[in-house]
Amino acid sequence: MNRRTFRRAALALGLATTMAAALATPAHARPDHPAPAPVVASPVFAITDGVARQVALTGRSELTRLGVSAANGPVDLLAAGVGARLAGDLRAANQRLLVAKGLPGGTGSLLRLRLAHPDMRAALARGEAPLVAAVPTDDSATSVTAYDRSGGTVVLDAARVPQRPVLVVDVDTERALSAGLALMRDELGVRGIGRAAPARAASRASADGVSASAGYWATKVDAVRLSDDEEPWIKGDAEIYNLVAGFGLDGKVKVDLVQMPYLDHDGTTYHPNQLLVHFSSYKYNLADVVMMEDDGDTNYSSLVKAIAGALLVIVDGGAYAPLVNAILDAIPTSWYTDDPDFVDAWYTLSTASSGRRHGAGANGWMDVTPYWVEQF
């Protein structure tokens, strides 16, 4: 079953189990979202699909050259040295793409071209003409529409890698995520939602019980794994990031944005030894984590405004209230069946959290340990 199909039901089931063991109960139960509307073409897909057709219609020699380059790794389309007319169209498309993703104009090129699957290199080497396609918005789609050199459409099975080579017009999600998180941090700060950056040093006794070291407690991720979703062959690597939220010493919500750039594939266990939660600036010994991914469609400007609007109205009532619900309620309903995407959530991590912690949505787990960050 595709992750986006079962996500809401799994979250409800996982939430009941998780919250039964939590140290605090949310102020309100998360309301059910209405049934998702039929998936429509997103602004990002409309742009990349148009570019795919334009690239397919370029001259045979140019398409061959692009295919050879893409076989060696993703190609920045704005730097690919194509003809003047196509180059102008690509620059215009990139500007529309930046607007669709809510990113500043100085972000740079987001349009890239890649080979859909390594097994297609041999066909390209034989001189077989490639098709060109954009990544579908809907991960549950059963077919992929590609374009041939005449601009005609070829329908491909989304579950079966085609024998014919396919070039994919995609969004550079690594660059987009870097720019998007910078924008979100700035916007959250402007709106009064700071980061939980190390601000105060505690101390703990050393093994001899006499000397003490200054520092703070953090939660370290020793291993992490997401469920194997058997996503379509055309999909590229997802960019994973986390919203880590808790109450600051002033009683106001604080949010850290933490990337997991190594977490490329579902069904694979990673061992990052990464610090996820920093407890140096928290009023309570608890924090929540919401894991998200950008498969290409995230509008960061809209996302940060929605999240900030939801968190700014939360007031510290003297006891910890999990913040996952507020963050998820701020995310538009369509994002549960569309990109950008919610992945999973972890409620009430503390400085004592240790061992395997399954997400409330049952889509992943993390092995965590307490970690003392010692000051120099």
# chains A, B, ... in the order shown; residues from 1 in each chain; ligands from 1

call {"tool": "select_by_dssp", "arguments": {"residues": "stretch 171-318 of chain A", "states": "strand (DSSP E)", "output": "PyMOL selection string"}}
result
chain A and resi 171+202-205+212-226+239-247+253-260+269-270+274-278+287-294

call {"tool": "closest_atom_pairs", "arguments": {"of": "stretch 214-282 of chain A", "to": "stretch 305-316 of chain A", "cutoff": "10 Å", "atoms": "only C-alpha atoms", "output": "CSV"}}
result
residue,atom,partner,partner_atom,distance
A:Ala245,CA,A:Leu311,CA,9.6
A:Phe247,CA,A:Asp316,CA,7.4
A:Gly248,CA,A:Asp316,CA,9.5
A:Asp250,CA,A:Asp316,CA,9.0
A:Gly251,CA,A:Asp316,CA,5.3
A:Lys252,CA,A:Asp316,CA,6.8
A:Val253,CA,A:Leu311,CA,6.7
A:Lys254,CA,A:Leu311,CA,9.0
A:Val255,CA,A:Leu311,CA,9.5

call {"tool": "write_last_selection", "arguments": {"atoms": "C-alpha atoms", "output": "CSV table (one decimal), in the first residue's frame"}}
result
chain,number,residue,atom,x,y,z
A,245,ALA,CA,9.2,21.7,18.3
A,247,PHE,CA,8.4,25.3,24.5
A,248,GLY,CA,11.3,27.7,25.1
A,250,ASP,CA,10.0,32.0,27.8
A,251,GLY,CA,7.0,29.7,27.3
A,252,LYS,CA,6.9,30.4,23.6
A,253,VAL,CA,7.1,27.7,20.9
A,254,LYS,CA,10.5,27.1,19.4
A,255,VAL,CA,11.2,25.2,16.2

call {"tool": "residues_around", "arguments": {"residues": "A:Ala133", "least_positions_apart": "4", "cutoff": "10 Å", "atoms": "only C-alpha atoms", "output": "PyMOL selection string"}}
result
chain A and resi 48-53+55-56+113+116+144-148+153-154+156+166-170+234

call {"tool": "residues_around", "arguments": {"residues": "stretch 362-373 of chain A", "least_positions_apart": "3", "cutoff": "8 Å", "atoms": "only C-alpha atoms", "output": "CSV table (one decimal) with all heavy atoms, in the first residue's frame"}}
result
chain,number,residue,atom,x,y,z
A,3,ARG,N,2.4,4.8,0.8
A,3,ARG,CA,2.5,5.6,2.0
A,3,ARG,C,1.4,6.7,2.1
A,3,ARG,O,0.8,6.9,3.1
A,3,ARG,CB,3.8,6.2,2.2
A,3,ARG,CG,4.0,6.9,3.5
A,3,ARG,CD,5.4,7.3,3.8
A,3,ARG,NE,6.0,8.3,3.0
A,3,ARG,CZ,7.1,8.2,2.2
A,3,ARG,NH1,7.7,7.1,2.2
A,3,ARG,NH2,7.5,9.2,1.5
A,7,ARG,N,-1.7,6.9,5.1
A,7,ARG,CA,-1.0,7.7,6.1
A,7,ARG,C,-2.0,8.2,7.1
A,7,ARG,O,-1.7,8.2,8.3
A,7,ARG,CB,-0.4,8.9,5.4
A,7,ARG,CG,0.2,9.9,6.3
A,7,ARG,CD,1.2,10.8,5.6
A,7,ARG,NE,2.3,10.0,5.1
A,7,ARG,CZ,2.7,10.1,3.8
A,7,ARG,NH1,2.3,11.0,3.0
A,7,ARG,NH2,3.7,9.3,3.4
A,10,ALA,N,-3.2,5.3,9.4
A,10,ALA,CA,-2.1,4.8,10.2
A,10,ALA,C,-1.7,5.8,11.3
A,10,ALA,O,-1.4,5.5,12.4
A,10,ALA,CB,-0.9,4.6,9.3
A,11,LEU,N,-1.8,7.1,11.0
A,11,LEU,CA,-1.5,8.1,12.0
A,11,LEU,C,-2.5,8.1,13.1
A,11,LEU,O,-2.1,8.1,14.3
A,11,LEU,CB,-1.5,9.5,11.4
A,11,LEU,CG,-1.3,10.7,12.3
A,11,LEU,CD1,0.1,10.6,13.0
A,11,LEU,CD2,-1.5,12.0,11.6
A,14,GLY,N,-1.6,4.9,15.1
A,14,GLY,CA,-0.4,5.0,15.8
A,14,GLY,C,-0.4,6.1,16.9
A,14,GLY,O,0.2,5.9,18.0
A,215,GLY,N,27.4,21.7,29.7
A,215,GLY,CA,26.9,21.3,28.4
A,215,GLY,C,25.4,21.2,28.5
A,215,GLY,O,24.7,21.8,29.3
A,216,TYR,N,24.8,20.3,27.6
A,216,TYR,CA,23.4,20.1,27.6
A,216,TYR,C,23.1,18.8,27.0
A,216,TYR,O,23.9,18.2,26.3
A,216,TYR,CB,22.7,21.3,26.8
A,216,TYR,CG,23.0,21.3,25.3
A,216,TYR,CD1,22.2,20.6,24.4
A,216,TYR,CD2,24.0,22.0,24.8
A,216,TYR,CE1,22.4,20.6,23.1
A,216,TYR,CE2,24.3,22.0,23.5
A,216,TYR,CZ,23.5,21.3,22.6
A,216,TYR,OH,23.8,21.3,21.2
A,217,TRP,N,21.8,18.3,27.3
A,217,TRP,CA,21.4,17.0,26.7
A,217,TRP,C,20.8,17.2,25.4
A,217,TRP,O,20.1,18.2,25.1
A,217,TRP,CB,20.4,16.4,27.7
A,217,TRP,CG,21.0,15.8,28.9
A,217,TRP,CD1,21.0,16.3,30.2
A,217,TRP,CD2,21.8,14.6,29.0
A,217,TRP,NE1,21.7,15.4,31.0
A,217,TRP,CE2,22.2,14.4,30.3
A,217,TRP,CE3,22.2,13.6,28.0
A,217,TRP,CZ2,22.9,13.3,30.7
A,217,TRP,CZ3,22.9,12.5,28.4
A,217,TRP,CH2,23.3,12.4,29.8
A,218,ALA,N,21.0,16.2,24.5
A,218,ALA,CA,20.4,16.1,23.2
A,218,ALA,C,19.9,14.7,22.9
A,218,ALA,O,20.3,13.8,23.6
A,218,ALA,CB,21.4,16.6,22.1
A,219,THR,N,19.1,14.5,21.9
A,219,THR,CA,18.7,13.2,21.4
A,219,THR,C,19.4,12.9,20.2
A,219,THR,O,19.4,13.7,19.2
A,219,THR,CB,17.2,13.2,21.2
A,219,THR,OG1,16.5,13.4,22.4
A,219,THR,CG2,16.7,11.8,20.7
A,220,LYS,N,20.1,11.8,20.2
A,220,LYS,CA,20.9,11.4,19.0
A,220,LYS,C,20.2,10.3,18.3
A,220,LYS,O,19.8,9.3,18.9
A,220,LYS,CB,22.3,11.0,19.4
A,220,LYS,CG,23.3,10.5,18.3
A,220,LYS,CD,24.7,10.5,18.7
A,220,LYS,CE,25.0,9.3,19.7
A,220,LYS,NZ,25.0,8.0,19.0
A,221,VAL,N,20.2,10.4,16.9
A,221,VAL,CA,19.6,9.3,16.1
A,221,VAL,C,20.7,8.4,15.7
A,221,VAL,O,21.6,8.7,14.9
A,221,VAL,CB,18.9,9.9,14.9
A,221,VAL,CG1,18.4,8.8,14.0
A,221,VAL,CG2,17.8,10.9,15.2
A,222,ASP,N,20.7,7.1,16.2
A,222,ASP,CA,21.7,6.1,15.9
A,222,ASP,C,21.3,5.4,14.6
A,222,ASP,O,22.2,5.1,13.8
A,222,ASP,CB,21.8,5.1,17.0
A,222,ASP,CG,22.3,5.7,18.3
A,222,ASP,OD1,23.2,6.6,18.2
A,222,ASP,OD2,21.8,5.4,19.4
A,223,ALA,N,20.0,5.2,14.3
A,223,ALA,CA,19.6,4.5,13.1
A,223,ALA,C,18.2,5.0,12.8
A,223,ALA,O,17.4,5.4,13.7
A,223,ALA,CB,19.6,3.0,13.3
A,224,VAL,N,17.8,5.0,11.5
A,224,VAL,CA,16.5,5.5,11.1
A,224,VAL,C,16.1,4.7,9.8
A,224,VAL,O,17.0,4.4,9.0
A,224,VAL,CB,16.5,7.0,10.8
A,224,VAL,CG1,17.5,7.4,9.8
A,224,VAL,CG2,15.1,7.5,10.4
A,225,ARG,N,14.8,4.4,9.7
A,225,ARG,CA,14.4,3.6,8.6
A,225,ARG,C,12.9,4.0,8.3
A,225,ARG,O,12.1,4.1,9.2
A,225,ARG,CB,14.4,2.1,8.8
A,225,ARG,CG,14.0,1.2,7.6
A,225,ARG,CD,14.0,-0.2,8.1
A,225,ARG,NE,13.6,-1.1,7.0
A,225,ARG,CZ,14.4,-1.8,6.2
A,225,ARG,NH1,15.7,-1.6,6.3
A,225,ARG,NH2,14.0,-2.6,5.2
A,226,LEU,N,12.6,4.2,7.0
A,226,LEU,CA,11.2,4.5,6.6
A,226,LEU,C,10.7,3.2,5.9
A,226,LEU,O,11.5,2.4,5.3
A,226,LEU,CB,11.1,5.7,5.7
A,226,LEU,CG,11.6,7.0,6.3
A,226,LEU,CD1,11.5,8.1,5.3
A,226,LEU,CD2,10.8,7.3,7.6
A,227,SER,N,9.4,3.1,5.8
A,227,SER,CA,8.8,1.9,5.2
A,227,SER,C,9.1,1.9,3.7
A,227,SER,O,9.2,2.9,3.1
A,227,SER,CB,7.2,1.9,5.4
A,227,SER,OG,6.9,1.9,6.8
A,343,VAL,N,5.5,12.7,6.4
A,343,VAL,CA,6.1,11.4,6.5
A,343,VAL,C,5.7,10.6,7.8
A,343,VAL,O,5.0,9.6,7.7
A,343,VAL,CB,7.6,11.4,6.4
A,343,VAL,CG1,8.2,10.0,6.5
A,343,VAL,CG2,8.0,12.0,5.0
A,344,ASP,N,6.0,11.2,8.9
A,344,ASP,CA,5.6,10.6,10.2
A,344,ASP,C,5.9,11.6,11.3
A,344,ASP,O,6.4,12.7,11.1
A,344,ASP,CB,6.5,9.3,10.4
A,344,ASP,CG,5.6,8.2,11.1
A,344,ASP,OD1,4.8,8.6,12.0
A,344,ASP,OD2,5.9,7.0,10.9
A,351,THR,N,14.9,13.8,27.3
A,351,THR,CA,16.3,13.5,27.5
A,351,THR,C,16.6,12.1,27.9
A,351,THR,O,17.7,11.6,27.8
A,351,THR,CB,16.9,14.5,28.5
A,351,THR,OG1,16.2,14.3,29.8
A,351,THR,CG2,16.9,15.9,28.1
A,352,ALA,N,15.5,11.4,28.3
A,352,ALA,CA,15.7,10.0,28.7
A,352,ALA,C,15.3,9.0,27.6
A,352,ALA,O,15.4,7.8,27.7
A,352,ALA,CB,14.8,9.7,29.9
A,353,SER,N,14.8,9.5,26.4
A,353,SER,CA,14.4,8.7,25.3
A,353,SER,C,15.5,7.8,24.8
A,353,SER,O,16.6,8.3,24.5
A,353,SER,CB,13.8,9.5,24.2
A,353,SER,OG,12.6,10.2,24.6
A,354,SER,N,15.3,6.5,24.7
A,354,SER,CA,16.3,5.6,24.3
A,354,SER,C,15.7,4.4,23.7
A,354,SER,O,14.6,4.0,24.0
A,354,SER,CB,17.1,5.2,25.5
A,354,SER,OG,18.2,4.3,25.2
A,355,GLY,N,16.4,3.8,22.7
A,355,GLY,CA,15.9,2.6,22.0
A,355,GLY,C,15.1,3.0,20.8
A,355,GLY,O,15.1,4.1,20.3
A,356,ARG,N,14.4,2.0,20.3
A,356,ARG,CA,13.6,2.1,19.1
A,356,ARG,C,12.3,2.8,19.3
A,356,ARG,O,11.5,2.4,20.2
A,356,ARG,CB,13.4,0.8,18.4
A,356,ARG,CG,12.6,0.9,17.1
A,356,ARG,CD,13.0,-0.3,16.2
A,356,ARG,NE,14.4,-0.3,15.9
A,356,ARG,CZ,15.0,-1.3,15.2
A,356,ARG,NH1,14.3,-2.3,14.7
A,356,ARG,NH2,16.3,-1.3,15.0
A,357,ARG,N,12.1,3.9,18.6
A,357,ARG,CA,10.8,4.7,18.7
A,357,ARG,C,10.1,4.7,17.3
A,357,ARG,O,10.7,5.2,16.4
A,357,ARG,CB,11.1,6.1,19.2
A,357,ARG,CG,11.7,6.2,20.6
A,357,ARG,CD,10.8,5.6,21.6
A,357,ARG,NE,11.3,5.6,22.9
A,357,ARG,CZ,11.0,6.5,23.9
A,357,ARG,NH1,10.2,7.5,23.6
A,357,ARG,NH2,11.5,6.3,25.1
A,358,HIS,N,9.0,4.0,17.3
A,358,HIS,CA,8.2,4.0,16.0
A,358,HIS,C,7.4,5.3,15.9
A,358,HIS,O,6.9,5.8,16.9
A,358,HIS,CB,7.3,2.8,16.0
A,358,HIS,CG,8.0,1.5,15.9
A,358,HIS,ND1,8.3,0.9,14.6
A,358,HIS,CD2,8.6,0.7,16.8
A,358,HIS,CE1,9.0,-0.2,14.8
A,358,HIS,NE2,9.1,-0.4,16.1
A,359,GLY,N,7.3,5.8,14.7
A,359,GLY,CA,6.5,7.0,14.4
A,359,GLY,C,5.0,6.7,14.7
A,359,GLY,O,4.5,5.6,14.6

call {"tool": "closest_residue", "arguments": {"among": "A:Ile193, A:Ala70, A:Val99, A:Ala345", "to": "A:Met120", "atoms": "only C-alpha atoms"}}
result
A:Ala70

call {"tool": "atom_distance", "arguments": {"atom1": "atom CA of A:Gly108", "atom2": "atom CA of A:Phe45"}}
result
18.6 Å

call {"tool": "residues_around", "arguments": {"residues": "A:Asp264", "least_positions_apart": "3", "cutoff": "7 Å", "atoms": "only C-alpha atoms", "output": "MDAnalysis selection string"}}
result
chainID A and resid 237:239

call {"tool": "write_last_selection", "arguments": {"atoms": "N, CA, C and O atoms", "output": "tab-separated table (two decimals), in the first residue's frame"}}
result
chain	number	residue	atom	x	y	z
A	237	ASP	N	15.21	10.66	-5.58
A	237	ASP	CA	15.41	10.65	-4.14
A	237	ASP	C	14.59	11.77	-3.50
A	237	ASP	O	14.53	12.89	-4.02
A	238	ALA	N	13.97	11.47	-2.37
A	238	ALA	CA	13.25	12.49	-1.62
A	238	ALA	C	14.22	13.22	-0.70
A	238	ALA	O	15.23	12.66	-0.27
A	239	GLU	N	13.93	14.47	-0.41
A	239	GLU	CA	14.71	15.25	0.54
A	239	GLU	C	13.92	15.31	1.85
A	239	GLU	O	12.82	15.85	1.90

call {"tool": "atom_distance", "arguments": {"atom1": "atom CA of A:Lys101", "atom2": "atom CA of A:Asn325"}}
result
24.4 Å

call {"tool": "select_by_dssp", "arguments": {"residues": "stretch 34-176 of chain A", "states": "alpha helix (DSSP H)", "output": "PyMOL selection string"}}
result
chain A and resi 43-56+60-71+84-100+121-125+173-176
